[in-house]
file work39.cif (mmCIF, C-alpha atoms)
data_input
#
loop_
_atom_site.label_atom_id
_atom_site.label_comp_id
_atom_site.auth_asym_id
_atom_site.auth_seq_id
_atom_site.Cartn_x
_atom_site.Cartn_y
_atom_site.Cartn_z
CA MET A 884 -8.93 20.25 11.58
CA SER A 885 -5.45 18.88 10.90
CA LEU A 886 -3.79 16.43 8.55
CA LEU A 887 -1.41 14.51 10.83
CA ALA A 888 1.20 11.87 10.06
CA VAL A 889 3.38 9.22 11.67
CA SER A 890 5.34 6.20 10.48
CA ASP A 891 7.56 3.36 11.66
CA LEU A 892 5.44 2.53 14.69
CA HIS A 893 7.03 -0.93 15.09
CA VAL A 894 4.45 -1.98 17.62
CA ARG A 895 6.14 -5.28 18.49
CA HIS A 896 8.21 -3.18 20.91
CA PRO A 897 6.23 -2.61 24.15
CA GLU A 898 7.48 1.00 24.46
CA ASN A 899 6.24 1.80 20.97
CA ARG A 900 2.93 0.04 21.56
CA GLU A 901 2.42 2.26 24.59
CA ILE A 902 3.08 5.37 22.48
CA VAL A 903 0.59 4.19 19.85
CA GLU A 904 -2.04 3.60 22.53
CA GLY A 905 -1.60 7.27 23.48
CA LEU A 906 -1.97 8.73 19.97
CA ARG A 907 -5.12 10.82 19.72
CA PRO A 908 -6.51 13.48 17.37
CA GLN A 909 -6.42 17.14 18.24
CA SER A 910 -9.97 17.59 16.96
CA ASP A 911 -12.89 15.42 15.90
CA ASP A 912 -12.14 16.16 12.23
CA ASP A 913 -8.45 15.20 12.10
CA TRP A 914 -7.07 12.88 9.43
CA LEU A 915 -4.12 10.58 10.06
CA ILE A 916 -1.47 9.43 7.56
CA ILE A 917 0.44 6.27 8.53
CA ALA A 918 3.49 5.98 6.28
CA GLY A 919 4.34 2.33 6.81
CA ASP A 920 6.15 -0.06 9.12
CA VAL A 921 3.31 -0.42 11.58
CA GLY A 922 4.52 -3.93 12.38
CA GLU A 923 5.68 -7.24 10.97
CA THR A 924 2.82 -9.63 11.76
CA PHE A 925 -0.75 -9.46 10.52
CA SER A 926 -2.14 -9.40 14.04
CA ASP A 927 0.06 -6.47 15.15
CA ILE A 928 -0.74 -4.44 12.04
CA VAL A 929 -4.49 -4.99 12.37
CA TRP A 930 -4.42 -4.22 16.11
CA ALA A 931 -2.76 -0.83 15.58
CA MET A 932 -4.80 0.16 12.53
CA GLN A 933 -8.08 -0.78 14.20
CA LEU A 934 -7.17 1.28 17.26
CA LEU A 935 -6.24 4.38 15.25
CA ARG A 936 -9.11 4.10 12.79
CA ALA A 937 -11.53 4.27 15.72
CA ARG A 938 -10.05 7.63 16.78
CA PHE A 939 -9.54 9.55 13.54
CA THR A 940 -12.07 10.72 10.97
CA LYS A 941 -9.95 9.26 8.16
CA VAL A 942 -6.85 7.06 8.25
CA ILE A 943 -4.59 6.73 5.19
CA TRP A 944 -2.00 3.94 5.07
CA VAL A 945 0.90 2.93 2.87
CA PRO A 946 2.92 -0.25 3.42
CA GLY A 947 6.48 -0.23 4.62
CA ASN A 948 8.96 -2.98 3.98
CA HIS A 949 8.18 -4.56 7.38
CA GLU A 950 4.51 -5.09 6.50
CA LEU A 951 5.69 -6.94 3.40
CA TRP A 952 7.94 -9.34 5.30
CA THR A 953 6.89 -12.94 5.79
CA PRO A 954 8.30 -13.69 9.26
CA PRO A 955 8.61 -17.43 9.93
CA LYS A 956 6.58 -17.16 13.16
CA ASP A 957 3.67 -15.22 11.66
CA PRO A 958 0.66 -17.56 11.26
CA VAL A 959 -0.10 -15.67 8.02
CA GLN A 960 2.53 -16.99 5.61
CA LEU A 961 1.44 -15.13 2.49
CA ARG A 962 4.30 -13.76 0.39
CA GLY A 963 4.93 -10.79 -1.88
CA GLU A 964 2.01 -9.22 -3.70
CA GLU A 965 -0.45 -11.71 -2.22
CA ARG A 966 0.49 -10.57 1.27
CA TYR A 967 0.17 -6.90 0.30
CA LEU A 968 -3.27 -7.38 -1.26
CA ALA A 969 -4.47 -9.37 1.75
CA LEU A 970 -3.45 -6.43 3.96
CA VAL A 971 -5.29 -4.06 1.63
CA ASP A 972 -8.46 -6.13 1.90
CA ARG A 973 -8.27 -6.35 5.70
CA LEU A 974 -7.60 -2.65 6.18
CA ARG A 975 -10.38 -1.70 3.78
CA GLU A 976 -12.72 -3.66 6.06
CA LEU A 977 -11.65 -1.28 8.83
CA GLY A 978 -12.35 1.77 6.65
CA VAL A 979 -8.68 2.62 6.05
CA VAL A 980 -7.64 4.25 2.75
CA THR A 981 -4.93 2.24 0.97
CA PRO A 982 -2.82 2.85 -2.17
CA GLU A 983 -5.41 0.86 -4.13
CA ASP A 984 -8.29 3.21 -3.28
CA PRO A 985 -9.41 6.54 -4.80
CA TYR A 986 -7.20 9.34 -3.53
CA PRO A 987 -9.11 11.41 -0.93
CA VAL A 988 -9.27 15.19 -1.18
CA TRP A 989 -8.38 17.15 1.94
CA GLU A 990 -10.86 20.04 2.28
CA GLY A 991 -9.41 21.44 5.49
CA PRO A 992 -7.14 24.44 5.97
CA GLU A 993 -4.96 25.08 2.88
CA GLY A 994 -7.11 22.68 0.86
CA PRO A 995 -8.35 21.34 -1.40
CA VAL A 996 -5.36 19.01 -1.65
CA VAL A 997 -5.27 15.47 -3.02
CA VAL A 998 -3.68 13.09 -0.49
CA ALA A 999 -2.03 10.34 -2.55
CA PRO A 1000 -0.92 7.21 -0.66
CA LEU A 1001 1.73 5.49 -2.80
CA PHE A 1002 3.21 2.02 -2.72
CA VAL A 1003 6.49 2.35 -4.58
CA LEU A 1004 9.30 -0.01 -3.66
CA TYR A 1005 13.03 0.33 -4.31
CA ASP A 1006 15.13 -0.84 -7.24
CA TYR A 1007 18.73 -0.68 -5.98
CA THR A 1008 19.44 2.57 -7.84
CA PHE A 1009 20.48 4.44 -4.67
CA ARG A 1010 23.95 2.93 -5.04
CA PRO A 1011 27.01 3.85 -2.96
CA ALA A 1012 29.76 5.88 -4.60
CA GLY A 1013 32.03 3.87 -6.85
CA THR A 1014 29.46 1.21 -7.74
CA HIS A 1015 27.63 1.09 -11.05
CA THR A 1016 25.51 -2.05 -10.96
CA LYS A 1017 23.27 -3.80 -8.46
CA LYS A 1018 25.80 -6.62 -8.21
CA GLU A 1019 28.63 -4.22 -7.34
CA ALA A 1020 26.46 -2.34 -4.85
CA LEU A 1021 25.33 -5.51 -3.08
CA ARG A 1022 28.93 -6.71 -2.88
CA ALA A 1023 29.91 -3.40 -1.25
CA ALA A 1024 27.02 -3.72 1.21
CA HIS A 1025 28.03 -7.26 2.16
CA GLU A 1026 31.64 -6.20 2.61
CA ALA A 1027 30.49 -3.37 4.91
CA GLY A 1028 28.26 -5.78 6.86
CA VAL A 1029 25.16 -3.74 5.95
CA VAL A 1030 22.49 -5.96 4.41
CA ALA A 1031 18.78 -5.27 4.87
CA THR A 1032 16.59 -8.02 6.33
CA ASP A 1033 14.44 -7.53 3.23
CA GLU A 1034 16.91 -9.74 1.38
CA TYR A 1035 15.65 -12.67 3.47
CA LEU A 1036 12.03 -11.85 4.40
CA LEU A 1037 10.61 -9.54 1.70
CA HIS A 1038 9.59 -11.79 -1.17
CA SER A 1039 8.61 -10.45 -4.58
CA ASP A 1040 6.23 -13.21 -5.73
CA PRO A 1041 4.93 -13.37 -8.42
CA TYR A 1042 7.57 -10.96 -9.76
CA PRO A 1043 11.06 -12.33 -10.40
CA SER A 1044 12.73 -9.68 -8.23
CA ARG A 1045 12.02 -6.75 -5.94
CA GLU A 1046 13.13 -4.31 -8.64
CA ALA A 1047 10.69 -5.92 -11.11
CA TRP A 1048 7.91 -5.44 -8.57
CA CYS A 1049 9.10 -1.85 -8.16
CA ARG A 1050 8.89 -1.25 -11.93
CA ALA A 1051 5.34 -2.55 -11.99
CA ARG A 1052 4.36 -0.32 -9.06
CA LEU A 1053 5.98 2.71 -10.69
CA ALA A 1054 3.99 2.25 -13.90
CA TYR A 1055 0.73 1.69 -12.02
CA THR A 1056 1.28 4.64 -9.69
CA ARG A 1057 2.26 7.07 -12.46
CA SER A 1058 -0.90 6.20 -14.36
CA ARG A 1059 -2.99 7.07 -11.28
CA LEU A 1060 -1.14 10.27 -10.44
CA ASP A 1061 -1.39 11.45 -14.04
CA ARG A 1062 -5.18 11.38 -13.74
CA ILE A 1063 -5.31 13.83 -10.82
CA ASP A 1064 -6.86 17.19 -11.68
CA SER A 1065 -3.89 19.36 -12.68
CA ALA A 1066 -5.43 22.30 -10.81
CA LEU A 1067 -5.02 20.53 -7.47
CA PRO A 1068 -1.86 20.27 -5.36
CA THR A 1069 -1.00 16.99 -3.66
CA VAL A 1070 0.45 15.49 -0.52
CA LEU A 1071 2.50 12.50 -1.67
CA VAL A 1072 2.87 9.72 0.89
CA ASN A 1073 5.32 6.84 0.50
CA HIS A 1074 7.20 4.74 3.03
CA PHE A 1075 10.49 5.23 1.21
CA PRO A 1076 11.76 8.74 0.41
CA LEU A 1077 10.95 9.88 -3.12
CA VAL A 1078 14.31 11.61 -3.49
CA ARG A 1079 17.77 10.45 -2.56
CA GLU A 1080 18.72 13.51 -0.51
CA PRO A 1081 17.49 12.17 2.86
CA THR A 1082 19.81 9.17 2.58
CA ARG A 1083 22.94 11.34 2.34
CA VAL A 1084 23.21 11.43 6.14
CA LEU A 1085 23.04 7.67 6.69
CA HIS A 1086 25.83 6.42 8.91
CA TYR A 1087 26.13 3.44 6.58
CA PRO A 1088 25.64 4.79 3.03
CA GLU A 1089 25.38 1.23 1.68
CA PHE A 1090 21.93 0.95 3.27
CA ALA A 1091 20.56 3.49 0.78
CA LEU A 1092 20.20 0.57 -1.66
CA TRP A 1093 17.01 -0.42 0.15
CA CYS A 1094 15.65 3.12 0.49
CA GLY A 1095 14.03 4.15 -2.79
CA THR A 1096 14.35 4.60 -6.52
CA GLU A 1097 15.77 7.32 -8.75
CA ALA A 1098 12.59 7.02 -10.86
CA THR A 1099 10.61 9.17 -8.39
CA ALA A 1100 13.17 12.00 -8.11
CA GLU A 1101 10.96 14.57 -9.88
CA TRP A 1102 7.55 13.48 -8.65
CA HIS A 1103 7.27 16.22 -6.03
CA VAL A 1104 7.51 18.77 -8.87
CA ARG A 1105 5.61 16.88 -11.54
CA TYR A 1106 2.64 16.25 -9.25
CA ARG A 1107 2.54 19.67 -7.58
CA ALA A 1108 3.32 18.45 -4.07
CA ALA A 1109 2.55 20.78 -1.19
CA ALA A 1110 4.43 18.24 0.94
CA VAL A 1111 5.99 14.79 0.72
CA VAL A 1112 5.60 12.44 3.69
CA TYR A 1113 7.86 9.43 4.20
CA GLY A 1114 9.49 7.24 6.86
CA HIS A 1115 11.86 4.27 6.77
CA LEU A 1116 15.15 5.97 7.69
CA HIS A 1117 14.28 6.60 11.35
CA ILE A 1118 15.73 10.11 11.03
CA PRO A 1119 12.73 12.37 11.70
CA ARG A 1120 13.33 15.77 10.10
CA THR A 1121 12.24 18.03 7.26
CA ILE A 1122 14.31 18.89 4.20
CA GLU A 1123 13.29 20.98 1.21
CA CYS A 1124 13.77 20.03 -2.43
CA ASP A 1125 12.70 22.54 -5.06
CA GLY A 1126 10.89 24.42 -2.31
CA VAL A 1127 8.81 21.36 -1.35
CA PRO A 1128 9.06 20.09 2.25
CA HIS A 1129 9.91 16.38 2.49
CA ARG A 1130 8.96 15.29 6.00
CA GLU A 1131 10.11 12.12 7.65
CA VAL A 1132 7.59 11.30 10.37
CA SER A 1133 9.05 8.08 11.80
CA LEU A 1134 8.88 6.98 15.41
CA GLY A 1135 11.62 4.36 15.06
CA TYR A 1136 12.97 1.81 17.52
CA PRO A 1137 13.14 2.49 21.28
CA ARG A 1138 16.93 2.09 21.23
CA GLU A 1139 17.05 5.03 18.80
CA TRP A 1140 14.66 7.49 20.41
CA ARG A 1141 15.68 6.78 24.02
CA GLY A 1142 19.01 8.51 23.37
CA ARG A 1143 17.49 11.72 22.02
CA PRO A 1144 17.15 14.89 24.09
CA ALA A 1145 13.36 14.85 23.74
CA ALA A 1146 10.74 12.12 23.63
CA PRO A 1147 9.33 11.12 20.21
CA ALA A 1148 7.15 13.82 18.70
CA GLY A 1149 4.33 11.37 18.06
CA LEU A 1150 2.08 12.91 15.41
CA CYS A 1151 3.45 15.47 12.95
CA ARG A 1152 1.16 18.07 11.43
CA ILE A 1153 1.36 18.25 7.65
CA LEU A 1154 -1.57 20.60 7.00
CA PRO A 1155 -2.10 23.35 7.86
CA ALA A 1156 1.62 23.72 7.34
CA PRO A 1157 3.66 24.50 10.44
CA VAL A 1158 4.53 28.19 10.89
CA GLY A 1159 7.42 29.12 8.64
CA ARG A 1160 6.61 26.42 6.05
CA ARG A 1161 3.52 27.93 4.45
#
call {"tool": "encode", "arguments": {"input": "work39.cif", "output": "structure tokens"}}
result
Amino acid sequence: MSLLAVSDLHVRHPENREIVEGLRPQSDDDWLIIAGDVGETFSDIVWAMQLLRARFTKVIWVPGNHELWTPPKDPVQLRGEERYLALVDRLRELGVVTPEDPYPVWEGPEGPVVVAPLFVLYDYTFRPAGTHTKKEALRAAHEAGVVATDEYLLHSDPYPSREAWCRARLAYTRSRLDRIDSALPTVLVNHFPLVREPTRVLHYPEFALWCGTEATAEWHVRYRAAAVVYGHLHIPRTIECDGVPHREVSLGYPREWRGRPAAPAGLCRILPAPVGRR
């Protein structure tokens, strides 16, 4: 019985869709965490989640920025929070656990552990060196030619800005995490890294603006995390902060993983912890 994880499936790419079609549990009792960026269109997201939900005992999902986009060619033209909640409703119909549902308790090896799927956005506080405001940081990003597509396709309705939506999600999520039994450890799952450290290796440091919020920097300690699972950066690796493993489990784009020495790892095991990380 394993708690497995993957993110950034980006199933609009045929090579990635083929990998997703090959993802299978190691046992009949395995759980699967999907840490966002399954796809951009409603139909692609539902296709992948339906496929994986049929194979795993429990599937836990958090949205990435791509799920929140409103692409002009998607027949579903919902925006912002309305789009997110429509996804929640559709995935609940499939039996998928979302950030709006009660947090499930993993009773497998090294349990009990509360698996907490989070939807926390970014607020432009991961600013490049030498910038002190969002305006300065965005100017630096534009000058470097590094501007996330979110600026054009990720709408914040009904909130006035993405950072305002982020503030609302932070308050809501903290209130839920604070109610977890303090005797239980957690696995925190978010599409964006909860700490800034993973972004230090970005080739374009300006892109960190769209990668998280300083407000979650201590959550892995405050909420007794046995592990933190994230995606978004397309740099699959594990780093430790305060002794807690932060694991990026992204598949990424074919153009990225084709150039690596080995094929994509597919599913990453979170619990029981890999040897050497217990």
call {"tool": "resolve_selection", "arguments": {"input": "work39.cif", "expression": "the PyMOL selection byres ((chain A and resi 1129-1146) around 10)", "output": "count of residues only"}}
result
58
call {"tool": "residues_around", "arguments": {"input": "work39.cif", "residues": "A:Val1030", "least_positions_apart": "6", "cutoff": "9 Å", "atoms": "only C-alpha atoms", "output": "mmCIF file with C-alpha atoms, in the frame of the given file"}}
result
data_model
loop_
_atom_site.group_PDB
_atom_site.id
_atom_site.type_symbol
_atom_site.label_atom_id
_atom_site.label_comp_id
_atom_site.auth_asym_id
_atom_site.auth_seq_id
_atom_site.Cartn_x
_atom_site.Cartn_y
_atom_site.Cartn_z
ATOM 1 C CA LEU A 1021 25.330 -5.510 -3.080
ATOM 2 C CA ALA A 1024 27.020 -3.720 1.210
ATOM 3 C CA GLU A 1089 25.380 1.230 1.680
ATOM 4 C CA PHE A 1090 21.930 0.950 3.270
ATOM 5 C CA TRP A 1093 17.010 -0.420 0.150
#
call {"tool": "residues_near_point", "arguments": {"input": "work39.cif", "point": "(21.7, 8.2, 2.7)", "cutoff": "10 Å", "atoms": "only C-alpha atoms", "output": "list in words"}}
result
Phe1009, Arg1010, Pro1011, Arg1079, Glu1080, Pro1081, Thr1082, Arg1083, Val1084, Leu1085, His1086, Tyr1087, Pro1088, Glu1089, Phe1090, Ala1091, Leu1092, Cys1094 and Leu1116 of chain A
call {"tool": "residues_around", "arguments": {"input": "work39.cif", "residues": "A:Tyr967", "least_positions_apart": "3", "cutoff": "10 Å", "atoms": "only C-alpha atoms", "output": "list in words"}}
result
Pro946, Glu950, Leu951, Trp952, Leu961, Arg962, Gly963, Glu964, Leu970, Val971, Asp972 and Phe1002 of chain A
call {"tool": "resolve_selection", "arguments": {"input": "work39.cif", "expression": "the PyMOL selection byres ((chain A and resi 1003) around 7)", "output": "mmCIF file with C-alpha atoms, in the frame of the given file"}}
result
data_model
loop_
_atom_site.group_PDB
_atom_site.id
_atom_site.type_symbol
_atom_site.label_atom_id
_atom_site.label_comp_id
_atom_site.auth_asym_id
_atom_site.auth_seq_id
_atom_site.Cartn_x
_atom_site.Cartn_y
_atom_site.Cartn_z
ATOM 1 C CA LEU A 1001 1.730 5.490 -2.800
ATOM 2 C CA PHE A 1002 3.210 2.020 -2.720
ATOM 3 C CA LEU A 1004 9.300 -0.010 -3.660
ATOM 4 C CA TYR A 1005 13.030 0.330 -4.310
ATOM 5 C CA CYS A 1049 9.100 -1.850 -8.160
ATOM 6 C CA ARG A 1052 4.360 -0.320 -9.060
ATOM 7 C CA LEU A 1053 5.980 2.710 -10.690
ATOM 8 C CA ASN A 1073 5.320 6.840 0.500
#
call {"tool": "atom_distance", "arguments": {"input": "work39.cif", "atom1": "atom CA of A:Trp930", "atom2": "atom CA of A:Glu904"}}
result
10.4 Å
call {"tool": "atom_distance", "arguments": {"input": "work39.cif", "atom1": "atom CA of A:His1038", "atom2": "atom CA of A:Thr953"}}
result
7.6 Å
call {"tool": "closest_residue", "arguments": {"input": "work39.cif", "among": "A:Val959, A:Val997, A:Val980, A:Ala1051", "to": "A:Glu923", "atoms": "all atoms listed in the file"}}
result
A:Val959
call {"tool": "axis_aligned_box", "arguments": {"input": "work39.cif", "around": "stretch 1138-1149 of chain A", "padding_each_side": "3 Å", "output": "lines of an AutoDock Vina configuration file"}}
result
center_x = 11.7
center_y = 8.5
center_z = 21.1
size_x = 20.7
size_y = 18.8
size_z = 12.0
call {"tool": "atom_distance", "arguments": {"input": "work39.cif", "atom1": "atom CA of A:Arg907", "atom2": "atom CA of A:Val921"}}
result
16.2 Å
call {"tool": "closest_residue", "arguments": {"input": "work39.cif", "among": "A:Glu965, A:Glu990, A:Glu901, A:Asp927", "to": "A:Asp913", "atoms": "only C-alpha atoms"}}
result
A:Glu990
call {"tool": "closest_residue", "arguments": {"input": "work39.cif", "among": "A:Val979, A:Leu1060, A:Ala1047, A:Ala969", "to": "A:Thr940", "atoms": "all atoms listed in the file"}}
result
A:Val979
call {"tool": "resolve_selection", "arguments": {"input": "work39.cif", "expression": "the PyMOL selection byres ((chain A and resi 1107) around 6)", "output": "mmCIF file with C-alpha atoms, in the coordinates of the input"}}
result
data_model
loop_
_atom_site.group_PDB
_atom_site.id
_atom_site.type_symbol
_atom_site.label_atom_id
_atom_site.label_comp_id
_atom_site.auth_asym_id
_atom_site.auth_seq_id
_atom_site.Cartn_x
_atom_site.Cartn_y
_atom_site.Cartn_z
ATOM 1 C CA PRO A 1068 -1.860 20.270 -5.360
ATOM 2 C CA THR A 1069 -1.000 16.990 -3.660
ATOM 3 C CA VAL A 1104 7.510 18.770 -8.870
ATOM 4 C CA ARG A 1105 5.610 16.880 -11.540
ATOM 5 C CA TYR A 1106 2.640 16.250 -9.250
ATOM 6 C CA ALA A 1108 3.320 18.450 -4.070
#
call {"tool": "closest_residue", "arguments": {"input": "work39.cif", "among": "A:Ser910, A:Glu1034, A:Val945, A:Ala1023", "to": "A:Asp984", "atoms": "only C-alpha atoms"}}
result
A:Val945
call {"tool": "closest_residue", "arguments": {"input": "work39.cif", "among": "A:Val942, A:Ala1098, A:Ala937, A:Leu1067", "to": "A:Asp1006", "atoms": "all atoms listed in the file"}}
result
A:Ala1098
call {"tool": "closest_residue", "arguments": {"input": "work39.cif", "among": "A:Tyr986, A:Leu906, A:His949, A:Arg1045", "to": "A:Lys1017", "atoms": "all atoms listed in the file"}}
result
A:Arg1045
call {"tool": "residues_around", "arguments": {"input": "work39.cif", "residues": "A:Leu977", "least_positions_apart": "2", "cutoff": "8 Å", "atoms": "all atoms listed in the file", "output": "list of chain:residue names"}}
result
A:Met932, A:Gln933, A:Arg936, A:Arg973, A:Leu974, A:Arg975, A:Val979
